[in-house]
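What follows is model36.tsv (TSV, C-alpha atoms and all ligand atoms).
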chain	number	residue	atom	x	y	z
A	36	MET	CA	14.36	-279.34	-28.02
A	37	GLN	CA	15.43	-282.89	-27.24
A	38	TRP	CA	13.19	-284.78	-24.88
A	39	SER	CA	15.22	-286.03	-21.94
A	40	HIS	CA	15.07	-287.15	-18.33
A	41	GLU	CA	16.15	-283.70	-17.21
A	42	ILE	CA	13.27	-281.93	-18.95
A	43	ILE	CA	10.68	-284.35	-17.57
A	44	LEU	CA	12.03	-284.17	-14.05
A	45	ASP	CA	12.56	-280.39	-14.09
A	46	LYS	CA	8.95	-279.87	-15.15
A	47	LEU	CA	7.62	-282.29	-12.54
A	48	ARG	CA	9.70	-280.56	-9.87
A	49	ASP	CA	8.43	-277.12	-10.95
A	50	ILE	CA	4.82	-278.18	-10.46
A	51	GLY	CA	5.51	-279.90	-7.12
A	52	ILE	CA	5.02	-283.50	-8.26
A	53	LEU	CA	8.58	-284.80	-8.01
A	54	ASP	CA	8.92	-283.85	-4.31
A	55	LYS	CA	6.17	-286.34	-3.48
A	56	PHE	CA	8.33	-289.13	-4.86
A	57	TYR	CA	11.33	-288.35	-2.65
A	58	PHE	CA	11.85	-291.34	-0.40
A	59	LYS	CA	13.04	-290.83	3.19
A	60	ASP	CA	13.90	-287.21	2.19
A	61	ASP	CA	17.23	-288.01	0.53
A	62	TYR	CA	16.44	-290.72	-2.02
A	63	MET	CA	14.51	-291.57	-5.16
A	64	LEU	CA	13.57	-295.16	-5.98
A	65	VAL	CA	14.09	-296.15	-9.62
A	66	ALA	CA	12.75	-299.57	-10.68
A	67	LEU	CA	14.37	-301.19	-13.73
A	68	ASP	CA	12.59	-303.87	-15.71
A	69	GLY	CA	12.55	-305.16	-19.26
A	70	THR	CA	9.51	-305.65	-21.47
A	71	HIS	CA	8.80	-306.78	-25.04
A	72	TYR	CA	7.15	-304.28	-27.37
A	73	HIS	CA	7.16	-306.49	-30.44
A	74	SER	CA	6.75	-310.24	-30.45
A	75	SER	CA	6.07	-312.39	-33.51
A	76	LYS	CA	6.79	-315.71	-35.17
A	77	ASN	CA	6.17	-314.21	-38.63
A	78	ILE	CA	7.15	-310.55	-38.69
A	79	SER	CA	10.81	-309.68	-38.19
A	80	CYS	CA	13.46	-307.18	-39.20
A	81	LYS	CA	17.27	-307.25	-39.21
A	82	CYS	CA	17.36	-305.62	-35.74
A	83	CYS	CA	15.16	-308.27	-34.12
A	84	GLN	CA	16.34	-310.32	-31.22
A	85	SER	CA	15.38	-313.94	-31.65
A	86	LYS	CA	14.95	-317.10	-29.69
A	87	THR	CA	14.83	-320.57	-31.26
A	88	ASN	CA	12.76	-323.28	-29.66
A	89	SER	CA	15.21	-326.17	-29.25
A	90	ASP	CA	12.46	-328.78	-29.67
A	91	THR	CA	10.57	-327.42	-32.65
A	92	GLY	CA	13.22	-325.20	-34.27
A	93	GLU	CA	10.62	-322.44	-34.43
A	94	VAL	CA	12.07	-318.93	-34.27
A	95	HIS	CA	10.44	-316.28	-32.12
A	96	TYR	CA	11.36	-312.67	-32.98
A	97	TYR	CA	11.07	-309.83	-30.54
A	98	HIS	CA	12.15	-306.32	-29.62
A	99	SER	CA	12.51	-305.33	-26.00
A	100	VAL	CA	13.32	-302.31	-23.90
A	101	ILE	CA	14.25	-301.31	-20.35
A	102	THR	CA	11.63	-299.13	-18.74
A	103	PRO	CA	13.11	-297.20	-15.80
A	104	THR	CA	10.42	-295.84	-13.52
A	105	ILE	CA	10.48	-293.62	-10.44
A	106	VAL	CA	8.30	-295.30	-7.82
A	107	HIS	CA	7.25	-294.66	-4.24
A	108	PRO	CA	5.74	-297.24	-1.86
A	109	ASP	CA	2.88	-294.91	-0.84
A	110	ILE	CA	1.95	-293.65	-4.33
A	111	LYS	CA	0.01	-295.74	-6.83
A	112	LYS	CA	1.20	-293.68	-9.80
A	113	VAL	CA	4.75	-293.87	-11.17
A	114	ILE	CA	6.99	-291.58	-13.22
A	115	PRO	CA	8.28	-293.33	-16.36
A	116	LEU	CA	11.73	-292.17	-17.50
A	117	MET	CA	13.29	-292.42	-20.94
A	118	GLN	CA	13.59	-296.06	-21.93
A	119	GLU	CA	16.72	-297.81	-23.15
A	120	PHE	CA	16.35	-300.11	-26.13
A	121	ILE	CA	17.88	-303.56	-25.89
A	122	SER	CA	20.04	-304.06	-28.95
A	123	ASN	CA	21.03	-307.14	-30.88
A	124	ASP	CA	24.59	-307.24	-29.57
A	125	ASP	CA	23.66	-306.90	-25.89
A	126	GLY	CA	24.13	-310.58	-25.21
A	127	LYS	CA	22.91	-314.06	-25.76
A	128	ASP	CA	20.56	-314.53	-22.86
A	129	LYS	CA	17.85	-312.50	-21.13
A	130	GLN	CA	20.23	-311.56	-18.34
A	131	ASP	CA	23.01	-310.18	-20.63
A	132	CYS	CA	20.50	-308.26	-22.69
A	133	GLU	CA	18.65	-306.62	-19.87
A	134	VAL	CA	21.69	-305.93	-17.73
A	135	ASN	CA	23.74	-304.46	-20.60
A	136	ALA	CA	20.90	-302.12	-21.57
A	137	SER	CA	20.47	-301.17	-17.91
A	138	LYS	CA	24.17	-300.34	-17.65
A	139	ARG	CA	23.85	-298.02	-20.67
A	140	TRP	CA	20.83	-296.41	-19.04
A	141	LEU	CA	22.80	-295.80	-15.85
A	142	ASP	CA	25.57	-294.18	-17.95
A	143	SER	CA	23.11	-291.93	-19.77
A	144	PHE	CA	21.06	-290.80	-16.78
A	145	ASN	CA	21.99	-287.37	-15.49
A	146	ASN	CA	20.20	-286.93	-12.22
A	147	PRO	CA	18.95	-283.31	-12.09
A	148	THR	CA	18.02	-283.61	-8.39
A	149	ASN	CA	20.30	-283.81	-5.39
A	150	LYS	CA	18.61	-287.04	-4.31
A	151	LYS	CA	20.53	-290.31	-4.30
A	152	LEU	CA	19.08	-293.10	-6.40
A	153	ILE	CA	18.17	-296.50	-5.04
A	154	ILE	CA	17.96	-298.86	-8.03
A	155	LEU	CA	15.39	-301.65	-7.72
A	156	GLY	CA	15.47	-304.80	-9.82
A	157	ASP	CA	14.65	-308.48	-9.95
A	158	ASP	CA	17.00	-311.44	-9.67
A	159	LEU	CA	18.53	-310.78	-13.13
A	160	TYR	CA	20.26	-307.71	-11.70
A	161	SER	CA	21.80	-309.12	-8.53
A	162	ARG	CA	25.11	-310.02	-10.19
A	163	GLU	CA	28.55	-308.55	-9.69
A	164	PRO	CA	28.91	-306.53	-12.98
A	165	MET	CA	25.58	-304.76	-12.48
A	166	ILE	CA	26.16	-304.08	-8.79
A	167	LYS	CA	29.62	-302.71	-9.61
A	168	LYS	CA	28.10	-300.35	-12.20
A	169	VAL	CA	25.45	-299.14	-9.70
A	170	LEU	CA	28.10	-298.49	-7.04
A	171	ASP	CA	30.43	-296.79	-9.58
A	172	LYS	CA	27.58	-294.33	-10.22
A	173	SER	CA	27.28	-293.77	-6.43
A	174	HIS	CA	23.76	-295.19	-6.33
A	175	SER	CA	22.40	-297.74	-3.88
A	176	TYR	CA	20.38	-300.80	-4.80
A	177	ILE	CA	17.75	-303.28	-3.64
A	178	PHE	CA	17.83	-306.37	-5.88
A	179	VAL	CA	16.02	-309.67	-5.52
A	180	ALA	CA	18.46	-312.50	-4.86
A	181	LYS	CA	16.83	-315.90	-5.29
A	182	PRO	CA	18.22	-318.84	-3.30
A	183	THR	CA	18.59	-320.84	-6.54
A	184	SER	CA	20.95	-318.29	-8.10
A	185	HIS	CA	22.71	-317.13	-4.90
A	186	LYS	CA	23.59	-320.39	-3.14
A	187	TYR	CA	26.73	-319.04	-1.45
A	188	LEU	CA	24.94	-315.92	-0.19
A	189	TYR	CA	22.21	-318.05	1.38
A	190	GLU	CA	24.80	-320.35	2.96
A	191	GLN	CA	26.36	-317.29	4.54
A	192	ILE	CA	22.96	-316.05	5.77
A	193	GLU	CA	22.29	-319.45	7.38
A	194	MET	CA	25.69	-319.30	9.09
A	195	ILE	CA	25.02	-315.79	10.35
A	196	LYS	CA	21.52	-316.78	11.54
A	197	ASN	CA	23.16	-319.43	13.70
A	198	LEU	CA	25.23	-316.73	15.37
A	199	ASN	CA	22.01	-314.96	16.43
A	200	THR	CA	23.16	-311.62	15.03
A	201	ILE	CA	20.29	-311.27	12.59
A	202	ASP	CA	17.12	-309.28	13.35
A	203	THR	CA	13.83	-310.74	12.21
A	204	LYS	CA	10.57	-308.89	11.73
A	205	ILE	CA	7.31	-310.66	10.83
A	206	ILE	CA	4.53	-308.57	9.31
A	207	SER	CA	1.11	-309.79	8.25
A	208	LYS	CA	-0.78	-307.91	5.55
A	209	MET	CA	-4.14	-308.37	3.87
A	210	ILE	CA	-3.54	-308.59	0.12
A	211	ASN	CA	-6.61	-309.02	-2.14
A	212	GLY	CA	-8.59	-310.26	0.86
A	213	LYS	CA	-6.00	-312.88	1.83
A	214	LYS	CA	-3.76	-312.71	4.86
A	215	GLN	CA	-0.13	-313.01	3.88
A	216	ILE	CA	2.80	-313.24	6.23
A	217	PHE	CA	6.13	-311.63	5.31
A	218	THR	CA	9.31	-312.47	7.18
A	219	TYR	CA	12.13	-309.93	6.97
A	220	ASN	CA	15.66	-310.76	8.11
A	221	TYR	CA	17.90	-307.74	8.69
A	222	LEU	CA	21.63	-307.69	8.83
A	223	ASN	CA	23.78	-304.58	8.89
A	224	PHE	CA	27.27	-304.89	7.45
A	225	ARG	CA	29.79	-302.30	8.44
A	226	THR	CA	32.50	-301.72	5.89
B	301	ZN	ZN	12.71	-306.42	-35.65

Would you mind writing the structure in this file as C-alpha cells?
Amino acid sequence: MQWSHEIILDKLRDIGILDKFYFKDDYMLVALDGTHYHSSKNISCKCCQSKTNSDTGEVHYYHSVITPTIVHPDIKKVIPLMQEFISNDDGKDKQDCEVNASKRWLDSFNNPTNKKLIILGDDLYSREPMIKKVLDKSHSYIFVAKPTSHKYLYEQIEMIKNLNTIDTKIISKMINGKKQIFTYNYLNFRT
C-alpha cells in the first residue's frame, strides 16, 4: 500500500483526531514552509542544490523540502503531511525553489475531507504565481506580505486608511512573560 495524504487523514478522521483540527467548522489550515535536511560544505551529490558565497567562492551544498502541516491555533500539536522535495531545476533563488515545490504539492494533494483549505505561508509565497495556483485549486490563503516586498500594496493600504474605511483592532498578549501589542487592520474587499 502506498503511503499518502489520504491514508493518513482517513485514519486520523476514523479515530476522531482530524475533526479537532477543523477550523471555524468549514476549513483546515495548512502551513507551508521549507527546511534543509542536508547541509554541507564537503559532502555533495549530483542532486544537491548549491549556493556559492560571492566573497569567498565557497560552495555550500544542501537538500531541502517543503513540509506541509495541518495546524490549528488552539492545538499545540500539528499533523505533518507528505513532504515535497525541492529539486535542482526548481529555480535559482530560495523563492523559486520553495514556491515551485509548493505548487507541485498543491497539484498532488487530494483533499479527502469536505473542508476548504486555507494555505498559510511566509513572505516568499505572497506573489502572483503562487496566489493564482492557490485560487485555481479553490483554496484560500493567508500569506505574510512584508512592506519591503509589497510597496504598492502598502501604498494602497495607506490611501485606504486615509479614507477611514479600515477597521483596527489592538490586542495585547503576554508572550514569554512580556507584554506584546498587536495591531490588526481589517479591510473587506467585495468582488
Ligand atoms: Zn546531494

Kindly assemble as a Markdown table a list of the chain A residues that lie within 6 Å of ligand ZN 301 (chain B), each paired with its nearest atom pair and their distance in Å to one decimal, using only C-alpha atoms and all ligand atoms, sorted first by chain and then by ascending residue number.
| residue | atom | partner | partner_atom | distance |
| --- | --- | --- | --- | --- |
| A:Ser79 | CA | B:ZN301 | ZN | 4.5 |
| A:Cys80 | CA | B:ZN301 | ZN | 3.7 |
| A:Lys81 | CA | B:ZN301 | ZN | 5.8 |
| A:Cys82 | CA | B:ZN301 | ZN | 4.7 |
| A:Cys83 | CA | B:ZN301 | ZN | 3.4 |

I'd like the contact shell of Asp171 in chain A - 12 Å cut-off, only C-alpha atoms, skipping same-chain residues fewer than 6 positions apart - returned as a VMD selection string. chain A and resid 138 141 to 142 163 to 165

Which of A:Gly156, A:Gly126, A:Gly92, A:Pro147 sits closest to Gly69 in chain A [using only C-alpha atoms]: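 Closest to Gly69 in chain A, using only C-alpha atoms: A:Gly156.
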
Atom pair CA of Asn149 in chain A / CA of Leu64 in chain A: separation (Å):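 Separation of CA of Asn149 in chain A and CA of Leu64 in chain A: 13.2 Å.
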
Could you tell me how far CA of Ser175 in chain A lies from CA of Pro103 in chain A, in Å and to one decimal? 15.1 Å

Set the distance at 12 Å and use only C-alpha atoms: which residues neighbour Lys172 in chain A once local chain neighbours fewer than 3 positions away are removed? I'd like the list as a PyMOL selection string. chain A and resi 138-146+151-154+165-169+175-176

Which distance in Å separates CA of Tyr96 in chain A and CA of Asp158 in chain A, to one decimal?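 According to the coordinates, CA of Tyr96 in chain A and CA of Asp158 in chain A are separated by 24.0 Å.
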
Pick the closest to Gln118 in chain A from A:Phe178, A:Tyr72, A:Tyr160, A:Tyr97: which is it, counting only C-alpha atoms?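 Among the listed residues, the smallest separation from Gln118 in chain A belongs to A:Tyr72.
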
Residue neighbourhood Phe217 in chain A, 9 Å, all atoms listed in the file, exclusion window fewer than 6 positions, as an MDAnalysis selection string: chainID A and resid 204:208

Among the residues A:Leu188, A:Lys129, A:Met117, A:Ile216, the one that comes closest to Ile42 in chain A [using only C-alpha atoms]: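 The answer is A:Met117, which sits nearest to Ile42 in chain A.
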
Of the residues A:Thr87, A:Arg48, A:Val134, A:Val100, which is the one nearest to His73 in chain A, using all atoms listed in the file?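 Closest to His73 in chain A, using all atoms listed in the file: A:Val100.
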
Looking at all atoms listed in the file, which of A:Gln191, A:Ser122, A:Ser137, A:Asn220 is the one that sits closest to Asp68 in chain A?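 Between A:Gln191, A:Ser122, A:Ser137, A:Asn220, the residue approaching Asp68 in chain A most closely is A:Ser137.
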
Taking all atoms of range 138-145 of chain A that appear in the file, build a box with edges along x, y and z, extend it by 4 Å on every side, and state its centre and edge lengths in Å to one decimal, as lines of an AutoDock Vina configuration file.
center_x = 23.2
center_y = -293.9
center_z = -18.1
size_x = 12.7
size_y = 21.0
size_z = 13.2

Out of A:Val106, A:Cys132, A:Ile101, A:Leu198, which residue has the shortest atom-to-atom distance to Glu119 in chain A when counting only C-alpha atoms?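 Of A:Val106, A:Cys132, A:Ile101, A:Leu198, the one nearest Glu119 in chain A is A:Ile101, counting only C-alpha atoms.
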